[in-house]
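Visitor: As input, take data.txt (compact mmCIF, C-alpha atoms and all ligand atoms):
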```txt
# COMPACT_ATOMS: atom_id res chain seq x y z
CA MET A 1 52.32 55.44 309.15
CA THR A 2 55.11 56.52 306.87
CA ALA A 3 56.27 53.79 304.54
CA ARG A 4 59.83 52.57 304.17
CA ILE A 5 61.19 52.89 300.66
CA LEU A 6 61.73 49.64 298.82
CA ASP A 7 64.82 50.83 296.98
CA GLY A 8 64.89 48.97 293.66
CA LYS A 9 67.91 50.89 292.48
CA ALA A 10 70.03 49.71 295.41
CA ILE A 11 68.68 46.15 295.45
CA ALA A 12 69.23 45.87 291.69
CA ALA A 13 72.82 47.09 292.11
CA GLU A 14 73.43 44.39 294.72
CA PHE A 15 71.99 41.73 292.41
CA ARG A 16 74.10 42.98 289.49
CA ASN A 17 77.20 42.63 291.67
CA GLU A 18 76.27 38.99 292.30
CA CYS A 19 75.86 38.57 288.53
CA ALA A 20 79.30 40.09 287.95
CA VAL A 21 80.83 37.47 290.25
CA ARG A 22 79.10 34.70 288.32
CA VAL A 23 80.28 36.18 285.00
CA GLN A 24 83.84 36.20 286.33
CA ARG A 25 83.54 32.58 287.44
CA LEU A 26 82.29 31.56 283.98
CA LYS A 27 85.25 33.29 282.39
CA GLU A 28 87.81 31.78 284.71
CA GLU A 29 86.47 28.25 284.96
CA LYS A 30 84.91 27.78 281.55
CA GLY A 31 86.42 30.47 279.34
CA LEU A 32 82.88 31.56 278.53
CA VAL A 33 81.45 35.08 278.23
CA PRO A 34 77.65 35.32 278.59
CA GLY A 35 76.14 37.06 275.58
CA ILE A 36 72.81 38.74 274.93
CA ALA A 37 71.38 39.87 271.60
CA VAL A 38 68.72 42.58 271.54
CA VAL A 39 66.66 42.99 268.38
CA ILE A 40 64.97 46.35 267.98
CA VAL A 41 62.72 47.08 265.01
CA GLY A 42 61.90 50.65 263.97
CA ASP A 43 62.78 53.78 265.90
CA ASP A 44 60.52 54.12 268.91
CA PRO A 45 62.44 56.70 271.00
CA ALA A 46 61.53 55.15 274.38
CA SER A 47 62.71 51.73 273.18
CA LYS A 48 66.05 53.17 272.15
CA VAL A 49 66.63 54.50 275.67
CA TYR A 50 65.72 51.16 277.26
CA VAL A 51 67.93 49.23 274.89
CA ARG A 52 70.87 51.54 275.55
CA ASN A 53 70.39 51.10 279.32
CA LYS A 54 70.26 47.32 278.95
CA ALA A 55 73.43 47.23 276.84
CA GLN A 56 75.28 49.41 279.37
CA ALA A 57 74.17 47.22 282.27
CA CYS A 58 75.41 44.10 280.45
CA GLU A 59 78.78 45.56 279.61
CA ALA A 60 79.26 46.87 283.15
CA ILE A 61 79.30 43.29 284.48
CA GLY A 62 81.57 41.94 281.74
CA MET A 63 78.90 40.39 279.54
CA HIS A 64 78.85 40.51 275.78
CA SER A 65 75.89 42.43 274.43
CA GLU A 66 74.93 43.12 270.85
CA VAL A 67 72.13 45.36 269.67
CA HIS A 68 70.59 44.75 266.26
CA PRO A 69 68.61 47.77 265.11
CA LEU A 70 66.48 46.85 262.10
CA PRO A 71 64.42 49.23 259.98
CA ALA A 72 60.68 49.57 260.66
CA GLU A 73 59.86 48.03 257.27
CA THR A 74 61.75 44.77 257.96
CA THR A 75 59.57 41.81 256.96
CA GLN A 76 58.28 39.09 259.27
CA ALA A 77 60.21 36.48 257.26
CA HIS A 78 63.45 38.39 257.63
CA LEU A 79 62.93 38.75 261.39
CA LEU A 80 62.18 35.05 261.76
CA ALA A 81 65.36 34.18 259.86
CA PHE A 82 67.29 36.62 262.05
CA ILE A 83 66.02 34.95 265.22
CA HIS A 84 66.83 31.49 263.88
CA ALA A 85 70.40 32.62 263.28
CA LEU A 86 70.64 33.94 266.88
CA ASN A 87 69.19 30.64 268.15
CA ALA A 88 72.10 28.87 266.44
CA ALA A 89 74.81 31.34 267.56
CA PRO A 90 76.93 29.75 270.34
CA ALA A 91 78.12 33.12 271.71
CA ILE A 92 74.51 34.19 272.35
CA HIS A 93 72.81 32.91 275.51
CA GLY A 94 69.92 35.33 275.62
CA ILE A 95 67.70 36.80 272.89
CA LEU A 96 65.39 39.74 273.49
CA VAL A 97 63.04 41.22 270.92
CA GLN A 98 62.26 44.70 272.15
CA LEU A 99 58.54 45.49 272.42
CA PRO A 100 56.49 47.22 271.10
CA LEU A 101 56.95 46.14 267.47
CA PRO A 102 55.62 47.84 264.34
CA LYS A 103 52.00 46.94 263.52
CA HIS A 104 52.74 44.73 260.51
CA ILE A 105 54.85 42.39 262.65
CA ASP A 106 53.33 39.39 264.43
CA GLY A 107 55.20 39.76 267.73
CA GLN A 108 53.85 36.57 269.26
CA ALA A 109 55.18 34.54 266.33
CA LEU A 110 58.62 36.11 266.80
CA ILE A 111 58.63 35.29 270.50
CA GLU A 112 57.63 31.69 269.77
CA ALA A 113 60.52 31.47 267.27
CA ILE A 114 63.07 32.17 270.02
CA ASP A 115 64.68 29.04 271.47
CA PRO A 116 62.98 28.79 274.92
CA ALA A 117 66.43 28.08 276.39
CA LYS A 118 67.52 31.56 275.20
CA ASP A 119 64.24 33.33 276.02
CA VAL A 120 65.66 35.52 278.79
CA ASP A 121 62.51 37.68 278.78
CA GLY A 122 60.54 34.59 279.82
CA PHE A 123 57.83 35.47 277.28
CA HIS A 124 57.83 32.21 275.26
CA GLN A 125 54.78 29.98 275.77
CA ALA A 126 57.02 27.18 276.97
CA ASN A 127 58.31 29.43 279.76
CA LEU A 128 54.98 31.05 280.64
CA GLY A 129 53.46 27.54 280.63
CA GLY A 130 56.30 26.32 282.80
CA LEU A 131 55.25 28.89 285.39
CA ILE A 132 52.07 26.89 286.00
CA THR A 133 54.07 23.93 287.29
CA GLY A 134 56.69 26.21 288.80
CA HIS A 135 59.69 25.25 286.65
CA PRO A 136 60.14 27.51 283.64
CA ALA A 137 63.59 27.90 282.08
CA PHE A 138 63.27 31.63 282.85
CA TYR A 139 60.94 33.77 284.92
CA PRO A 140 59.72 36.95 283.23
CA CYS A 141 62.00 39.73 284.46
CA THR A 142 59.52 42.22 285.92
CA PRO A 143 57.50 39.86 288.14
CA TRP A 144 60.68 38.07 289.16
CA GLY A 145 62.15 41.43 290.13
CA VAL A 146 59.04 42.15 292.18
CA MET A 147 59.50 38.84 294.04
CA LYS A 148 63.07 39.88 294.85
CA LEU A 149 61.83 43.22 296.17
CA LEU A 150 59.25 41.48 298.37
CA GLU A 151 61.93 39.14 299.68
CA HIS A 152 63.96 42.19 300.67
CA THR A 153 61.24 43.38 303.08
CA GLY A 154 61.77 40.22 305.13
CA ILE A 155 57.99 39.83 305.40
CA PRO A 156 56.89 36.25 304.73
CA ILE A 157 54.52 35.95 301.76
CA GLU A 158 53.00 32.67 302.86
CA GLY A 159 49.39 33.04 304.00
CA LYS A 160 49.22 36.73 303.04
CA SER A 161 46.58 38.29 300.88
CA ALA A 162 48.01 39.59 297.60
CA VAL A 163 46.28 41.68 294.96
CA VAL A 164 47.70 42.25 291.48
CA ILE A 165 46.13 44.95 289.32
CA GLY A 166 46.63 44.15 285.64
CA ARG A 167 46.34 40.88 283.73
CA SER A 168 48.98 41.17 281.00
CA ASN A 169 50.88 38.09 279.84
CA ILE A 170 54.21 39.64 280.76
CA VAL A 171 53.44 41.13 284.18
CA GLY A 172 50.01 40.63 285.77
CA LYS A 173 49.35 36.96 285.02
CA PRO A 174 52.85 35.64 285.76
CA MET A 175 52.98 37.88 288.85
CA GLY A 176 49.78 36.30 290.15
CA LEU A 177 51.17 32.80 289.62
CA MET A 178 54.45 33.59 291.38
CA LEU A 179 52.59 34.98 294.37
CA VAL A 180 50.41 31.85 294.47
CA HIS A 181 53.55 29.68 294.37
CA ALA A 182 54.95 31.71 297.26
CA GLY A 183 51.82 30.94 299.28
CA ALA A 184 49.79 34.14 299.00
CA THR A 185 46.04 34.06 298.53
CA THR A 186 46.02 36.01 295.31
CA THR A 187 43.47 38.09 293.44
CA ILE A 188 44.08 39.48 289.96
CA CYS A 189 42.08 42.65 289.30
CA HIS A 190 41.76 44.28 285.87
CA ARG A 191 39.74 46.78 283.87
CA LYS A 192 36.52 44.77 284.28
CA THR A 193 36.84 44.55 288.07
CA GLN A 194 33.68 46.00 289.61
CA ASP A 195 34.95 47.52 292.85
CA LEU A 196 38.72 47.83 292.73
CA ALA A 197 39.05 49.51 296.14
CA PHE A 198 37.10 46.68 297.81
CA HIS A 199 39.80 44.27 296.65
CA THR A 200 42.83 46.48 297.22
CA ARG A 201 41.76 47.14 300.81
CA GLN A 202 42.17 43.43 301.57
CA ALA A 203 45.72 43.35 300.24
CA ASP A 204 48.73 42.77 302.49
CA ILE A 205 50.74 42.89 299.25
CA LEU A 206 49.58 45.09 296.38
CA VAL A 207 51.19 45.06 292.94
CA ALA A 208 49.94 47.66 290.46
CA ALA A 209 50.78 46.97 286.80
CA VAL A 210 48.30 48.88 284.69
CA GLY A 211 49.87 51.98 283.16
CA LYS A 212 47.48 54.52 284.64
CA ALA A 213 49.06 57.28 286.72
CA GLY A 214 47.55 57.77 290.17
CA LEU A 215 45.14 54.81 289.91
CA VAL A 216 45.86 53.61 293.46
CA THR A 217 45.43 56.15 296.25
CA GLY A 218 46.13 55.86 299.97
CA ASP A 219 42.47 55.42 300.88
CA MET A 220 42.42 52.22 298.79
CA LEU A 221 45.10 50.53 300.90
CA LYS A 222 45.06 48.31 303.95
CA PRO A 223 47.22 50.00 306.62
CA GLY A 224 50.68 48.43 306.61
CA ALA A 225 50.38 47.00 303.11
CA VAL A 226 53.50 46.41 300.98
CA VAL A 227 52.93 48.38 297.78
CA VAL A 228 54.84 47.62 294.59
CA ASP A 229 54.35 49.97 291.67
CA VAL A 230 55.14 48.49 288.25
CA GLY A 231 53.56 51.35 286.30
CA ILE A 232 55.74 53.68 284.25
CA ASN A 233 53.75 56.65 283.01
CA ARG A 234 55.27 59.66 281.31
CA LEU A 235 53.38 62.74 282.51
CA ALA A 236 52.70 65.87 280.45
CA ASN A 237 55.45 67.67 282.40
CA GLY A 238 57.94 65.03 281.24
CA LYS A 239 58.24 63.37 284.66
CA LEU A 240 57.75 59.66 285.30
CA ALA A 241 54.95 58.48 287.55
CA GLY A 242 53.76 55.06 288.65
CA ASP A 243 50.23 53.72 288.97
CA VAL A 244 50.27 54.53 292.67
CA ASP A 245 49.78 57.99 294.11
CA PHE A 246 52.98 57.99 296.15
CA GLU A 247 52.04 60.99 298.28
CA THR A 248 48.92 59.44 299.83
CA ALA A 249 49.93 55.77 299.57
CA SER A 250 53.18 56.27 301.49
CA GLN A 251 51.14 57.52 304.47
CA VAL A 252 49.36 54.16 304.73
CA ALA A 253 51.76 51.51 303.41
CA SER A 254 54.58 49.86 305.41
CA TRP A 255 56.82 49.56 302.33
CA ILE A 256 56.49 51.23 298.94
CA THR A 257 58.51 51.30 295.71
CA PRO A 258 59.28 54.66 294.13
CA VAL A 259 58.98 55.41 290.39
CA PRO A 260 61.61 55.81 289.06
CA GLY A 261 64.04 53.75 291.11
CA GLY A 262 61.74 50.86 292.04
CA VAL A 263 60.73 48.03 289.77
CA GLY A 264 62.38 49.37 286.57
CA PRO A 265 66.01 48.79 287.64
CA MET A 266 65.01 45.34 288.95
CA THR A 267 63.65 44.36 285.52
CA ILE A 268 67.01 45.08 283.93
CA ALA A 269 68.92 43.31 286.72
CA MET A 270 66.77 40.18 286.32
CA LEU A 271 67.42 40.24 282.58
CA LEU A 272 71.14 40.06 283.33
CA GLY A 273 70.46 37.30 285.85
CA ASN A 274 68.56 35.26 283.29
CA THR A 275 71.31 35.66 280.72
CA VAL A 276 74.00 34.61 283.19
CA LYS A 277 71.82 31.65 284.19
CA SER A 278 71.49 30.65 280.54
CA ALA A 279 75.27 30.81 280.08
CA GLU A 280 75.79 28.78 283.26
CA ARG A 281 73.53 26.10 281.85
CA ALA A 282 75.40 26.14 278.54
CA ALA A 283 78.61 25.63 280.53
CA GLY A 284 77.12 22.83 282.61
CA LEU A 285 77.25 24.83 285.87
CA GLY A 286 74.59 24.58 288.59
CA THR A 287 71.20 26.22 288.38
CA GLY A 288 70.32 25.96 292.06
CA ALA A 289 69.15 28.65 294.43
CA GLU A 290 69.13 31.43 291.88
CA THR A 291 66.27 29.84 289.94
CA ARG A 292 63.89 29.66 292.87
CA ILE A 293 61.16 32.20 293.51
CA ALA A 294 60.65 33.69 296.94
N1 LIG B 301 61.21 42.43 275.14
C1 LIG B 301 61.05 43.39 276.05
N2 LIG B 301 61.45 43.16 277.32
C2 LIG B 301 61.31 44.13 278.29
O1 LIG B 301 61.67 43.90 279.46
C3 LIG B 301 60.75 45.39 277.91
C4 LIG B 301 60.37 45.56 276.57
N3 LIG B 301 60.52 44.55 275.68
N4 LIG B 301 59.82 46.75 276.17
C5 LIG B 301 59.72 47.88 277.07
C6 LIG B 301 59.55 47.43 278.49
C7 LIG B 301 59.84 48.49 279.52
N5 LIG B 301 60.99 48.03 280.27
C8 LIG B 301 61.66 48.78 281.23
C9 LIG B 301 62.80 48.35 281.87
C10 LIG B 301 63.47 49.15 282.77
C11 LIG B 301 63.02 50.42 283.05
C12 LIG B 301 63.77 51.28 284.00
O2 LIG B 301 64.86 50.98 284.40
N6 LIG B 301 63.21 52.45 284.38
C13 LIG B 301 63.84 53.42 285.25
C14 LIG B 301 63.66 54.84 284.71
C15 LIG B 301 64.06 55.00 283.29
C16 LIG B 301 63.69 56.37 282.76
O3 LIG B 301 64.04 57.37 283.40
O4 LIG B 301 63.02 56.40 281.68
C17 LIG B 301 63.22 53.39 286.63
O5 LIG B 301 62.05 52.98 286.74
O6 LIG B 301 63.88 53.79 287.56
C18 LIG B 301 61.87 50.86 282.45
C19 LIG B 301 61.20 50.03 281.56
C20 LIG B 301 61.37 46.83 279.79
N7 LIG B 301 60.58 46.42 278.79
```
Written as structure tokens, how would this file's structure read?

Guide:
Amino acid sequence: MTARILDGKAIAAEFRNECAVRVQRLKEEKGLVPGIAVVIVGDDPASKVYVRNKAQACEAIGMHSEVHPLPAETTQAHLLAFIHALNAAPAIHGILVQLPLPKHIDGQALIEAIDPAKDVDGFHQANLGGLITGHPAFYPCTPWGVMKLLEHTGIPIEGKSAVVIGRSNIVGKPMGLMLVHAGATTTICHRKTQDLAFHTRQADILVAAVGKAGLVTGDMLKPGAVVVDVGINRLANGKLAGDVDFETASQVASWITPVPGGVGPMTIAMLLGNTVKSAERAAGLGTGAETRIA
């Protein structure tokens, strides 16, 4: 079998176009421009690239975006005060604190300081907790983007066997919950899992979110599986690679995401979606179909 490419770049572009229409409607009907504030502490070079990409994506659909670069030695107290000010700013509908943060900063405390109604990353406890019952204010962008990719295959999730590799708070755990909500029998594997291949071979849907290049090879897959690669690993030669060995996996899978051009662009598109959603709520507009998963 040769897998079909699950083209995140194209699907993200389509979703961004839908967001642009919603931004236009907000402007015309409510005179409101959705706004996002990105706080970036220190000068991690990778973070700078991401933040620039996010800002460009926002501006391209007519949103307001502001980036607040703060020096690495900024204090926790200053950052908390900064976030409180953004919470109170009416022009700001989404607040994102770029991770990773310098070591002296308590990142969790910063995330909890964000108004959950502006937590467009979906990282606040109130939103991650809301995932349990299925009604958070915002879904975390990466797993939500994965759900959109799965939807695109047209393959029903209900009753399928899903395996997530990775148990992080921002990808693996919320991903597992979303798949459960969508009706998949779901296993979350992680570094303590005894026989990873035993589990992955059962998977109709496999999501790898570990950060280890080449972890998943074709021989570990069930023939016809849908394979979603969340990993972004910078190789020694400067190239990006996922957690999945594309060469062998694409011989066995029915659908597979590339890296780059798979999950990454979806993450950014979902961030825009969450910010537009937040602005729609502020304007008293509906929060219907676009908030549902799968
Ligand atoms: N508060 C916070 N929220 C985040 O969502 C967040 C964060 N911090 N810190 C860093 C990670 C990483 N992340 C990516 C988003 C898009 C691409 C992306 O678009 N990647 C392109 C390739 C980009 C390249 O060439 O480097 C692709 O996969 O095609 C990658 C990584 C969001 N993150």

Visitor: Quick one: axis-aligned box around all listed atoms of stretch 174-181 of chain A, 5 Å on every side, centre and edge lengths in Å to one decimal, written as JSON.

Guide:
```
{"center_x": 52.1, "center_y": 33.8, "center_z": 290.1, "size_x": 14.7, "size_y": 18.2, "size_z": 18.7}
```

Visitor: Identify, counting all atoms listed in the file, the protein, DNA and RNA residues located within 10 Å of ligand LIG 301 (chain B), and give them as a PyMOL selection string.

Guide: chain A and resi 7-9+12+38-40+46-51+53-54+95-101+107+111+119-123+140-142+170-171+229-234+239-242+257-271

Visitor: For A:Ile114, which of A:Gly94, A:Gly42, A:Pro174, A:Pro143 is the closest residue, counting only C-alpha atoms?

Guide: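 Between A:Gly94, A:Gly42, A:Pro174, A:Pro143, the residue approaching A:Ile114 most closely is A:Gly94.
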
Visitor: Could you pull the residues within 9 Å of A:Leu150, counting all atoms listed in the file, minus those fewer than 6 positions along the same chain, as a PDB file with C-alpha atoms, keeping the file's coordinate frame?

Guide:
```pdb
ATOM      1  CA  LEU A   6      61.730  49.640 298.820  1.00  0.00           C
ATOM      2  CA  PRO A 156      56.890  36.250 304.730  1.00  0.00           C
ATOM      3  CA  ILE A 157      54.520  35.950 301.760  1.00  0.00           C
ATOM      4  CA  ILE A 205      50.740  42.890 299.250  1.00  0.00           C
ATOM      5  CA  VAL A 226      53.500  46.410 300.980  1.00  0.00           C
ATOM      6  CA  VAL A 228      54.840  47.620 294.590  1.00  0.00           C
ATOM      7  CA  ALA A 294      60.650  33.690 296.940  1.00  0.00           C
TER       8      ALA A 294
END
```

Visitor: Just how far from atom CA of A:Val163 is atom CA of A:Thr185, in Å to one decimal?

Guide: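 Taking atom CA of A:Thr185 as the start and atom CA of A:Val163 as the end point, the length is 8.4 Å.
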
Visitor: Could you pull the residues within 10 Å of A:Val164, counting all atoms listed in the file, minus those fewer than 4 positions along the same chain, as a list in words?

Guide: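 Once the nearby chain positions are removed, what remains is Val171, Gly172, Lys173, Met175, Gly176, Leu179, Thr186, Thr187, Ile188, Cys189, His190, His199, Thr200, Ala203, Ile205, Leu206, Val207, Ala208, Ala209, Val210 and Val228 of chain A.
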
Visitor: Can you list, as JSON, numbers by chain, every protein, DNA or RNA residue that comes within 7 Å of A:Cys58 when you count all atoms listed in the file, leaving out same-chain residues fewer than 6 positions away?

Guide: {"A": [64, 65, 272]}

Visitor: Which of these, A:Asp44, A:Asp219, A:Glu158, A:Glu151, has the shortest distance to A:Gln251 once you count all atoms listed in the file?

Guide: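 Of all the options, A:Asp219 lies closest to A:Gln251.
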
Visitor: Could you check the closest approach to A:Ala162 for each of A:Thr2, A:Gln202, A:Asn17, A:Gln194 and tell me which residue wins, using only C-alpha atoms?

Guide: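 Closest to A:Ala162 of all the choices is A:Gln202.
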
Visitor: Near A:His124, counting only C-alpha atoms, which residues have an atom at most 10 Å away, once you skip same-chain residues fewer than 6 positions from it, shown as a VMD selection string?

Guide: chain A and resid 108 to 118 130 136 to 138 140 170

Visitor: Just to confirm, what's the straight-line distance from atom CA of A:Arg201 to atom CA of A:Ser161 in Å (one decimal)?

Guide: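 Atom-to-atom, atom CA of A:Arg201 and atom CA of A:Ser161 are spaced 10.1 Å apart.
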
Visitor: Take atom CA of A:Gly218 and atom CA of A:Arg4 and report the distance between them in Å, one decimal.

Guide: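 Calculated distance between atom CA of A:Gly218 and atom CA of A:Arg4 is 14.7 Å.
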